[in-house]
Amino acid sequence: MYRIGQGFDLHRLEAGRRLVLGGVEIPYEKGLLGHSDADVLVHALMNAILGALGLGDIGTHFPDSDPKYAGISSEVLLGRVAKTMRQSGFEVVNADLTVIAERPRLTPHFGVIRPRLARVLDVAEGCVNLKANTMEGLGPIGEGLGIAAQAVVLLEK
Ligand code: MG
């Protein structure tokens, strides 16, 4: 049995915050604003997995009104989503992820992010694909005000 899921997320960039993407801190003058570490890439991935499982979204599972999720590592939350997935009898076939950011350049960091996400999902590195897009300077992301991410996953039981 196969299930497909897609996820999307967007966070604002603000000064004085760490930029964490795919569980990795990336040197930049701004970071993503959010209740957790605001790891937009991991949030999109979690939403895709939860979507494939028919289990809603991360806002339901880890509400940002709950103080226990303040500043929490999204990678830890991804581990919990992966555990829920395995308990439902599913495993990841592949995940295809796109980060949409004008700055900073992200592809140099993919070599670190990719094996890290693959490890949390318990799949081979080749099963997790990362892509980076700019918005060609257009719109709020193009102006560098935020970063968005999209994810598609296929699960198999
Ligand atoms: Mg988010």
# chains A, B, ... in the order shown; residues from 1 in each chain; ligands from 1
>>> residues_around(residues="stretch 45-57 of chain A", least_positions_apart="5", cutoff="10 Å", atoms="only C-alpha atoms", output="count of residues only")
39
>>> select_by_dssp(residues="stretch 57-148 of chain A", states="helix (DSSP H, G or I)", output="ChimeraX atom specification")
/A:58-61,67-69,74-87,107-121,125-127,139-142
>>> closest_residue(among="A:Leu33, A:Ala15, A:Ala44, A:Leu145", to="A:Arg103", atoms="only C-alpha atoms")
A:Leu145
>>> closest_atom_pairs(of="stretch 39-117 of chain A", to="stretch 17-21 of chain A", cutoff="10 Å", atoms="only C-alpha atoms", output="Markdown table")
| residue | atom | partner | partner_atom | distance |
| --- | --- | --- | --- | --- |
| A:Asp39 | CA | A:Leu21 | CA | 5.1 |
| A:Val40 | CA | A:Leu21 | CA | 6.6 |
| A:Leu41 | CA | A:Leu21 | CA | 5.8 |
| A:Val42 | CA | A:Leu21 | CA | 7.1 |
| A:His43 | CA | A:Leu21 | CA | 9.6 |
| A:Ser73 | CA | A:Val20 | CA | 9.1 |
| A:Ser74 | CA | A:Val20 | CA | 9.1 |
| A:Glu75 | CA | A:Leu21 | CA | 9.5 |
| A:Val99 | CA | A:Leu21 | CA | 9.1 |
| A:Pro104 | CA | A:Leu19 | CA | 9.9 |
| A:Leu106 | CA | A:Leu21 | CA | 9.1 |
| A:His109 | CA | A:Leu21 | CA | 9.2 |
| A:Phe110 | CA | A:Leu21 | CA | 9.6 |
| A:Ile113 | CA | A:Leu21 | CA | 7.7 |
>>> write_last_selection(atoms="all heavy atoms", output="compact mmCIF listing (two decimals), in the first residue's frame")
# COMPACT_ATOMS: atom_id res chain seq x y z
N ASP A 39 12.39 25.68 11.74
CA ASP A 39 13.05 24.98 10.63
C ASP A 39 12.01 24.67 9.55
O ASP A 39 11.33 23.65 9.55
CB ASP A 39 13.68 23.69 11.17
CG ASP A 39 14.55 22.97 10.16
OD1 ASP A 39 14.29 23.10 8.94
OD2 ASP A 39 15.47 22.26 10.58
N VAL A 40 11.90 25.59 8.61
CA VAL A 40 10.83 25.56 7.61
C VAL A 40 10.89 24.30 6.74
O VAL A 40 9.86 23.75 6.34
CB VAL A 40 10.87 26.87 6.78
CG1 VAL A 40 12.10 26.91 5.89
CG2 VAL A 40 9.62 27.10 6.00
N LEU A 41 12.10 23.84 6.49
CA LEU A 41 12.28 22.64 5.65
C LEU A 41 11.75 21.40 6.37
O LEU A 41 11.00 20.60 5.78
CB LEU A 41 13.77 22.48 5.31
CG LEU A 41 14.18 21.25 4.53
CD1 LEU A 41 13.44 21.15 3.21
CD2 LEU A 41 15.69 21.26 4.30
N VAL A 42 12.10 21.26 7.63
CA VAL A 42 11.62 20.11 8.40
C VAL A 42 10.11 20.20 8.63
O VAL A 42 9.41 19.19 8.63
CB VAL A 42 12.41 19.99 9.73
CG1 VAL A 42 11.76 18.98 10.67
CG2 VAL A 42 13.84 19.58 9.46
N HIS A 43 9.60 21.42 8.80
CA HIS A 43 8.15 21.59 8.99
C HIS A 43 7.39 21.11 7.75
O HIS A 43 6.38 20.41 7.86
CB HIS A 43 7.80 23.05 9.28
CG HIS A 43 8.24 23.50 10.63
ND1 HIS A 43 7.90 24.72 11.16
CD2 HIS A 43 9.00 22.88 11.57
CE1 HIS A 43 8.44 24.83 12.36
NE2 HIS A 43 9.12 23.74 12.63
N SER A 73 13.90 21.80 18.95
CA SER A 73 14.48 21.41 17.67
C SER A 73 13.42 20.70 16.84
O SER A 73 12.85 19.69 17.27
CB SER A 73 15.68 20.49 17.90
OG SER A 73 15.93 19.74 16.73
N SER A 74 13.18 21.20 15.63
CA SER A 74 12.20 20.56 14.74
C SER A 74 12.66 19.18 14.33
O SER A 74 11.85 18.32 14.00
CB SER A 74 11.96 21.44 13.52
OG SER A 74 11.45 22.69 13.93
N GLU A 75 13.98 18.97 14.36
CA GLU A 75 14.51 17.65 14.02
C GLU A 75 14.03 16.61 15.04
O GLU A 75 13.75 15.47 14.68
CB GLU A 75 16.04 17.72 14.00
CG GLU A 75 16.70 16.57 13.29
CD GLU A 75 18.21 16.72 13.22
OE1 GLU A 75 18.79 17.33 14.14
OE2 GLU A 75 18.79 16.24 12.25
N VAL A 99 13.53 24.08 -1.11
CA VAL A 99 13.59 25.28 -0.27
C VAL A 99 13.57 26.48 -1.20
O VAL A 99 14.31 26.52 -2.19
CB VAL A 99 14.87 25.33 0.59
CG1 VAL A 99 14.79 26.47 1.59
CG2 VAL A 99 15.10 24.02 1.31
N PRO A 104 20.34 32.97 2.16
CA PRO A 104 21.67 32.75 1.61
C PRO A 104 21.65 31.60 0.60
O PRO A 104 20.62 30.95 0.43
CB PRO A 104 22.49 32.36 2.84
CG PRO A 104 21.51 31.65 3.72
CD PRO A 104 20.19 32.33 3.49
N LEU A 106 21.97 28.01 -0.44
CA LEU A 106 21.75 26.84 0.41
C LEU A 106 22.40 25.56 -0.11
O LEU A 106 22.72 24.67 0.67
CB LEU A 106 20.25 26.61 0.59
CG LEU A 106 19.54 27.77 1.29
CD1 LEU A 106 18.04 27.53 1.31
CD2 LEU A 106 20.07 27.95 2.71
N HIS A 109 25.14 23.64 1.60
CA HIS A 109 24.83 22.98 2.87
C HIS A 109 24.08 21.66 2.68
O HIS A 109 23.86 20.94 3.65
CB HIS A 109 24.00 23.92 3.75
CG HIS A 109 24.69 25.23 4.01
ND1 HIS A 109 25.68 25.37 4.97
CD2 HIS A 109 24.56 26.44 3.43
CE1 HIS A 109 26.11 26.62 4.96
NE2 HIS A 109 25.45 27.29 4.03
N PHE A 110 23.65 21.38 1.47
CA PHE A 110 22.83 20.19 1.24
C PHE A 110 23.57 18.89 1.55
O PHE A 110 22.96 17.90 1.95
CB PHE A 110 22.31 20.16 -0.21
CG PHE A 110 21.16 21.11 -0.45
CD1 PHE A 110 20.64 21.27 -1.72
CD2 PHE A 110 20.59 21.82 0.59
CE1 PHE A 110 19.57 22.13 -1.95
CE2 PHE A 110 19.53 22.70 0.37
CZ PHE A 110 19.02 22.84 -0.91
N ILE A 113 22.87 18.45 5.18
CA ILE A 113 21.45 18.31 5.53
C ILE A 113 20.89 16.96 5.06
O ILE A 113 20.15 16.30 5.79
CB ILE A 113 20.63 19.47 4.91
CG1 ILE A 113 21.06 20.81 5.50
CG2 ILE A 113 19.13 19.25 5.10
CD1 ILE A 113 20.46 22.04 4.80
>>> closest_residue(among="A:Glu29, A:Asp122, A:Asp64, A:Glu102", to="A:Met135", atoms="only C-alpha atoms")
A:Glu102
>>> atom_distance(atom1="atom CA of A:His61", atom2="atom CA of A:His35")
13.9 Å
>>> select_by_dssp(residues="chain A", states="strand (DSSP E or B)", output="ChimeraX atom specification")
/A:2-15,20-21,24-25,30-32,91-100,128-133,146-156
>>> closest_residue(among="A:Gly89, A:Gly34, A:Pro108, A:Gly144", to="ligand 1", atoms="only C-alpha atoms and all ligand atoms")
A:Gly34
>>> closest_residue(among="A:Val76, A:Val112, A:Gly146, A:Glu125", to="A:Glu25", atoms="only C-alpha atoms")
A:Val112
>>> atom_distance(atom1="atom CA of A:Lys157", atom2="atom CA of A:Leu121")
14.6 Å
>>> residues_around(residues="A:Thr134", least_positions_apart="4", cutoff="7 Å", atoms="only C-alpha atoms", output="list in words")
Ile100, Ala101, Glu102 and Gly142 of chain A
